[in-house]
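In what follows, a single structure is set out as structure tokens and then discussed.
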2 protein chains.
Amino acid sequence: MGIADRREREKLQRRNTIVDAAEKIFFSKGISNTTMDEIAEEAELSKATIYLYFKSKEELYCAIIQRAMDILKNYFKEAIDLNACGLERLYHIAQKLYQFYKDYPNYFESMFHREKNPEYFSYENPMIKDLMEQGEEMYMMGVQIIKDGIEDGSIRSDVDPYKTALALDGMLGGFIRTISLEEDHLMKYHNISAAELIHYSMELIGHALKNKDGCPGKKCNPDKINAKNKGGKCKNRKEK
Amino acid sequence: MGIADRREREKLQRRNTIVDAAEKIFFSKGISNTTMDEIAEEAELSKATIYLYFKSKEELYCAIIQRAMDILKNYFKEAIDLNACGLERLYHIAQKLYQFYKDYPNYFESMFHREKNPEYFSYENPMIKDLMEQGEEMYMMGVQIIKDGIEDGSIRSDVDPYKTALALDGMLGGFIRTISLEEDHLMKYHNISAAELIHYSMELIGHALKNKDGCPGKKCNPDKINAKNKGGKCKNRKEK
DNA sequence: TTACTTTCTGACCACCGGTCAGTAAGTAGA
DNA sequence: TCTACTTACTGACCGGTGGTCAGAAAGTAA
């Protein structure tokens, strides 16, 4: 039916304008300092209306995290689809995470902000479950890349793809978060820029994973990867 | 004066009982779900009294973080004082961090919980400054150990102690935090225990840092370090 | 025009962080 | 022991916030 369709569309649109408004104010004042009334005003609706679309302030915040994860997933996909060896693509994933942090610092921060409220933050909650599944999907991207890397010889064969992906996930996320909390402090007291530190850390990780013999593809040199290197030089990647 | 002394002592004691009470309730219900009235009741004081000792709920929470940092610092000191090569002691620091997480999961979690409320979370605030300085101190422990490791040959000489310590700080912290958020999930879906994953990650980091030639001290074998190994085997450590 | 559904809202509530005037307890000097 | 003063504490209160609900408004179908 046309009308039902239109209604569905408009409903989704309303929902989006609410999330837009929430985002704007959450990001400018912090979650605990913004009131539902302010969000309502920004969205040009009454507070009660917002509660028709979202059960609670927390759920509204989750909608923002969902947006963030969507974007990040697309960033990752770009890195995965490169035609390069596994190690190189792994570098690029890390690079993408950093780029995401730079492009959307607020989205980035929001992803780490969940207070463990057991009442809300449980697998039963469909919204949370969805977030979990998104995270799982990104994790599996990492696993696949590491597997590829082992297969194409760029990554040590005694590396466990599952554990490594988990480790990198936690490390990189936590790492960038630390940086985001202390970027000023970093520059002021240690005279190190965030970008520099990220790059350095990626080198460290590369050191931990790379095959001593190097990637068999002659043109692939994971030691010298940086953001400008768009990949595509390593011809050794096996196509499925 | 005796009386002034006693008063000072009693004041400190009151403060501690308040923090005790706050800890108990914060940890059981989460920070945003506990009220100051509840804390007051647990401390057997009126709410107004609590505000004589702490300016705000946030400041009270900071007092808990301070406790956490004190404990963690002592854990680290134990690892530092081992008579072992730099790389081995670095392993032990990571081990200690994990042990701290196991012994005091709530303290651990609390340290990462700061919402960036710029109004409160600034260098001007003496309480925050104190926390920063504590963090700085722990960071310098890491730097020193890495320097020792380079000197005694257990760590690659082209490693930058400052950047590496920063990277490890962020990585390990974020890593364990991820684990803490998803420990159940980890076991259920990936059949990996937290301890196992930590150990694996430490091996990864070791791989990234260790000198290819190994620690010159014959008896030191950083590849095979685990929690039971209390160190003290590597005689190559230079004493200042 | 009427009957019905969907969408929205003003007014309200319970609760919470934080304040303040005022009380109780302790101290010091006479 | 009485008095003046300081310190430690509290009950009662306030403004603001997340969340609710009865009912208005707008849209739809006949």
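Ordering of the structure tokens sets the chain letters (A, B, ...); residue numbers start at 1 within each chain; ligands are numbered from 1 in the order shown.
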
Inset, instruction - Give as an MDAnalysis selection string every residue of chain B that touches chain D within 9 Å, counting only C-alpha atoms (C1' of nucleotides). - result: chainID B and resid 45:49

Convert the current residue selection to file output with N, CA, C and O atoms, as an mmCIF file, in the first residue's frame.
data_model
loop_
_atom_site.group_PDB
_atom_site.id
_atom_site.type_symbol
_atom_site.label_atom_id
_atom_site.label_comp_id
_atom_site.auth_asym_id
_atom_site.auth_seq_id
_atom_site.Cartn_x
_atom_site.Cartn_y
_atom_site.Cartn_z
ATOM 1 N N LEU B 45 25.824 8.372 57.734
ATOM 2 C CA LEU B 45 25.943 9.822 57.852
ATOM 3 C C LEU B 45 24.812 10.443 57.043
ATOM 4 O O LEU B 45 24.120 9.748 56.302
ATOM 5 N N SER B 46 24.656 11.746 57.185
ATOM 6 C CA SER B 46 23.661 12.386 56.335
ATOM 7 C C SER B 46 24.311 12.790 55.011
ATOM 8 O O SER B 46 25.537 12.926 54.919
ATOM 9 N N LYS B 47 23.487 12.946 53.987
ATOM 10 C CA LYS B 47 24.034 13.288 52.679
ATOM 11 C C LYS B 47 24.829 14.590 52.742
ATOM 12 O O LYS B 47 25.897 14.712 52.140
ATOM 13 N N ALA B 48 24.319 15.541 53.498
ATOM 14 C CA ALA B 48 24.997 16.837 53.571
ATOM 15 C C ALA B 48 26.421 16.696 54.083
ATOM 16 O O ALA B 48 27.326 17.413 53.665
ATOM 17 N N THR B 49 26.609 15.756 54.996
ATOM 18 C CA THR B 49 27.957 15.549 55.541
ATOM 19 C C THR B 49 28.928 15.105 54.460
ATOM 20 O O THR B 49 30.082 15.533 54.415
#

Inset, instruction - Provide as a PyMOL selection string the residues of chain B at most 9 Å from chain A, counting only C-alpha atoms. - result: chain B and resi 29-33+113+115-118+159+162-164+166-179+181+190+192+197-198+200-201+203-209

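The list of chain A residues within 12 Å of chain C is Ala4, Arg7, Glu8, Glu10, Lys11, Arg14, Ala40, Glu44, Leu45, Ser46, Lys47, Ala48, Thr49, Ile50, Tyr51, Leu52 and Tyr53 of chain A; this uses only C-alpha atoms (C1' of nucleotides).
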
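Those residues that approach Asn106 of chain B to within 9 Å, counting only C-alpha atoms (C1' of nucleotides), are Glu23, Phe27, Ala68, Tyr101, Asp103, Glu109, Ser110 and Met111 of chain B; same-chain residues fewer than 3 positions away are not listed.
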
Write the selection just made, keeping all heavy atoms, as a PDB file, in the first residue's frame?
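And here is the file that came out, again_19.pdb:
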ATOM      1  N   GLU B  23      32.304   2.995  47.470  1.00  0.00           N
ATOM      2  CA  GLU B  23      32.855   1.867  46.725  1.00  0.00           C
ATOM      3  C   GLU B  23      31.869   0.713  46.688  1.00  0.00           C
ATOM      4  O   GLU B  23      31.543   0.180  45.628  1.00  0.00           O
ATOM      5  CB  GLU B  23      34.119   1.404  47.439  1.00  0.00           C
ATOM      6  CG  GLU B  23      35.275   1.109  46.545  1.00  0.00           C
ATOM      7  CD  GLU B  23      36.471   0.749  47.393  1.00  0.00           C
ATOM      8  OE1 GLU B  23      36.596  -0.421  47.812  1.00  0.00           O
ATOM      9  OE2 GLU B  23      37.274   1.649  47.647  1.00  0.00           O
ATOM     10  N   PHE B  27      30.145  -0.130  43.125  1.00  0.00           N
ATOM     11  CA  PHE B  27      30.571  -1.365  42.484  1.00  0.00           C
ATOM     12  C   PHE B  27      29.421  -2.349  42.320  1.00  0.00           C
ATOM     13  O   PHE B  27      29.424  -3.167  41.412  1.00  0.00           O
ATOM     14  CB  PHE B  27      31.706  -2.014  43.276  1.00  0.00           C
ATOM     15  CG  PHE B  27      33.013  -1.298  43.145  1.00  0.00           C
ATOM     16  CD1 PHE B  27      34.078  -1.602  43.971  1.00  0.00           C
ATOM     17  CD2 PHE B  27      33.181  -0.297  42.188  1.00  0.00           C
ATOM     18  CE1 PHE B  27      35.295  -0.941  43.847  1.00  0.00           C
ATOM     19  CE2 PHE B  27      34.392   0.380  42.065  1.00  0.00           C
ATOM     20  CZ  PHE B  27      35.445   0.047  42.898  1.00  0.00           C
ATOM     21  N   ALA B  68      42.532   2.819  43.493  1.00  0.00           N
ATOM     22  CA  ALA B  68      42.870   1.806  42.492  1.00  0.00           C
ATOM     23  C   ALA B  68      44.294   2.006  41.987  1.00  0.00           C
ATOM     24  O   ALA B  68      45.082   1.057  41.902  1.00  0.00           O
ATOM     25  CB  ALA B  68      41.879   1.877  41.340  1.00  0.00           C
ATOM     26  N   TYR B 101      43.663  -6.868  37.495  1.00  0.00           N
ATOM     27  CA  TYR B 101      42.297  -6.993  36.970  1.00  0.00           C
ATOM     28  C   TYR B 101      41.559  -8.152  37.617  1.00  0.00           C
ATOM     29  O   TYR B 101      40.366  -8.059  37.930  1.00  0.00           O
ATOM     30  CB  TYR B 101      42.329  -7.165  35.455  1.00  0.00           C
ATOM     31  CG  TYR B 101      41.094  -7.807  34.884  1.00  0.00           C
ATOM     32  CD1 TYR B 101      39.850  -7.181  34.985  1.00  0.00           C
ATOM     33  CD2 TYR B 101      41.157  -9.050  34.269  1.00  0.00           C
ATOM     34  CE1 TYR B 101      38.713  -7.775  34.479  1.00  0.00           C
ATOM     35  CE2 TYR B 101      40.017  -9.651  33.756  1.00  0.00           C
ATOM     36  CZ  TYR B 101      38.798  -9.015  33.867  1.00  0.00           C
ATOM     37  OH  TYR B 101      37.676  -9.607  33.377  1.00  0.00           O
ATOM     38  N   ASP B 103      42.272  -9.579  40.609  1.00  0.00           N
ATOM     39  CA  ASP B 103      42.127  -9.378  42.059  1.00  0.00           C
ATOM     40  C   ASP B 103      41.105  -8.287  42.358  1.00  0.00           C
ATOM     41  O   ASP B 103      40.343  -8.376  43.313  1.00  0.00           O
ATOM     42  CB  ASP B 103      43.471  -8.997  42.693  1.00  0.00           C
ATOM     43  CG  ASP B 103      44.485 -10.136  42.606  1.00  0.00           C
ATOM     44  OD1 ASP B 103      44.065 -11.274  42.321  1.00  0.00           O
ATOM     45  OD2 ASP B 103      45.686  -9.882  42.805  1.00  0.00           O
ATOM     46  N   GLU B 109      38.062  -1.659  36.451  1.00  0.00           N
ATOM     47  CA  GLU B 109      37.027  -1.055  35.608  1.00  0.00           C
ATOM     48  C   GLU B 109      36.896   0.439  35.905  1.00  0.00           C
ATOM     49  O   GLU B 109      36.767   1.253  34.993  1.00  0.00           O
ATOM     50  CB  GLU B 109      35.696  -1.772  35.853  1.00  0.00           C
ATOM     51  CG  GLU B 109      34.554  -1.262  35.014  1.00  0.00           C
ATOM     52  CD  GLU B 109      34.768  -1.465  33.522  1.00  0.00           C
ATOM     53  OE1 GLU B 109      35.576  -2.331  33.132  1.00  0.00           O
ATOM     54  OE2 GLU B 109      34.146  -0.742  32.751  1.00  0.00           O
ATOM     55  N   SER B 110      36.972   0.766  37.194  1.00  0.00           N
ATOM     56  CA  SER B 110      36.762   2.160  37.588  1.00  0.00           C
ATOM     57  C   SER B 110      37.779   3.087  36.932  1.00  0.00           C
ATOM     58  O   SER B 110      37.466   4.221  36.590  1.00  0.00           O
ATOM     59  CB  SER B 110      36.839   2.308  39.104  1.00  0.00           C
ATOM     60  OG  SER B 110      38.183   2.182  39.552  1.00  0.00           O
ATOM     61  N   MET B 111      38.985   2.574  36.732  1.00  0.00           N
ATOM     62  CA  MET B 111      40.037   3.419  36.180  1.00  0.00           C
ATOM     63  C   MET B 111      39.754   3.844  34.751  1.00  0.00           C
ATOM     64  O   MET B 111      40.325   4.807  34.261  1.00  0.00           O
ATOM     65  CB  MET B 111      41.383   2.683  36.231  1.00  0.00           C
ATOM     66  CG  MET B 111      41.912   2.546  37.632  1.00  0.00           C
ATOM     67  SD  MET B 111      43.425   1.590  37.696  1.00  0.00           S
ATOM     68  CE  MET B 111      44.502   2.524  36.646  1.00  0.00           C
TER      69      MET B 111
END

Inset, instruction - Enter the distance from atom CA of Ser122 of chain A to atom CA of Gln66 of chain A, in Å, rounded to one decimal. - result: 15.8 Å

Inset, instruction - Check segment 1-216 of chain A with DSSP on the backbone and list each residue it calls helix (DSSP H, G or I), as a PyMOL selection string. - result: chain A and resi 2-29+31-33+36-43+47-53+57-80+86-103+105-111+126-152+161-190+194-209

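A straight line drawn from atom CA of Arg67 of chain A to atom CA of Glu183 of chain B is 25.0 Å long.
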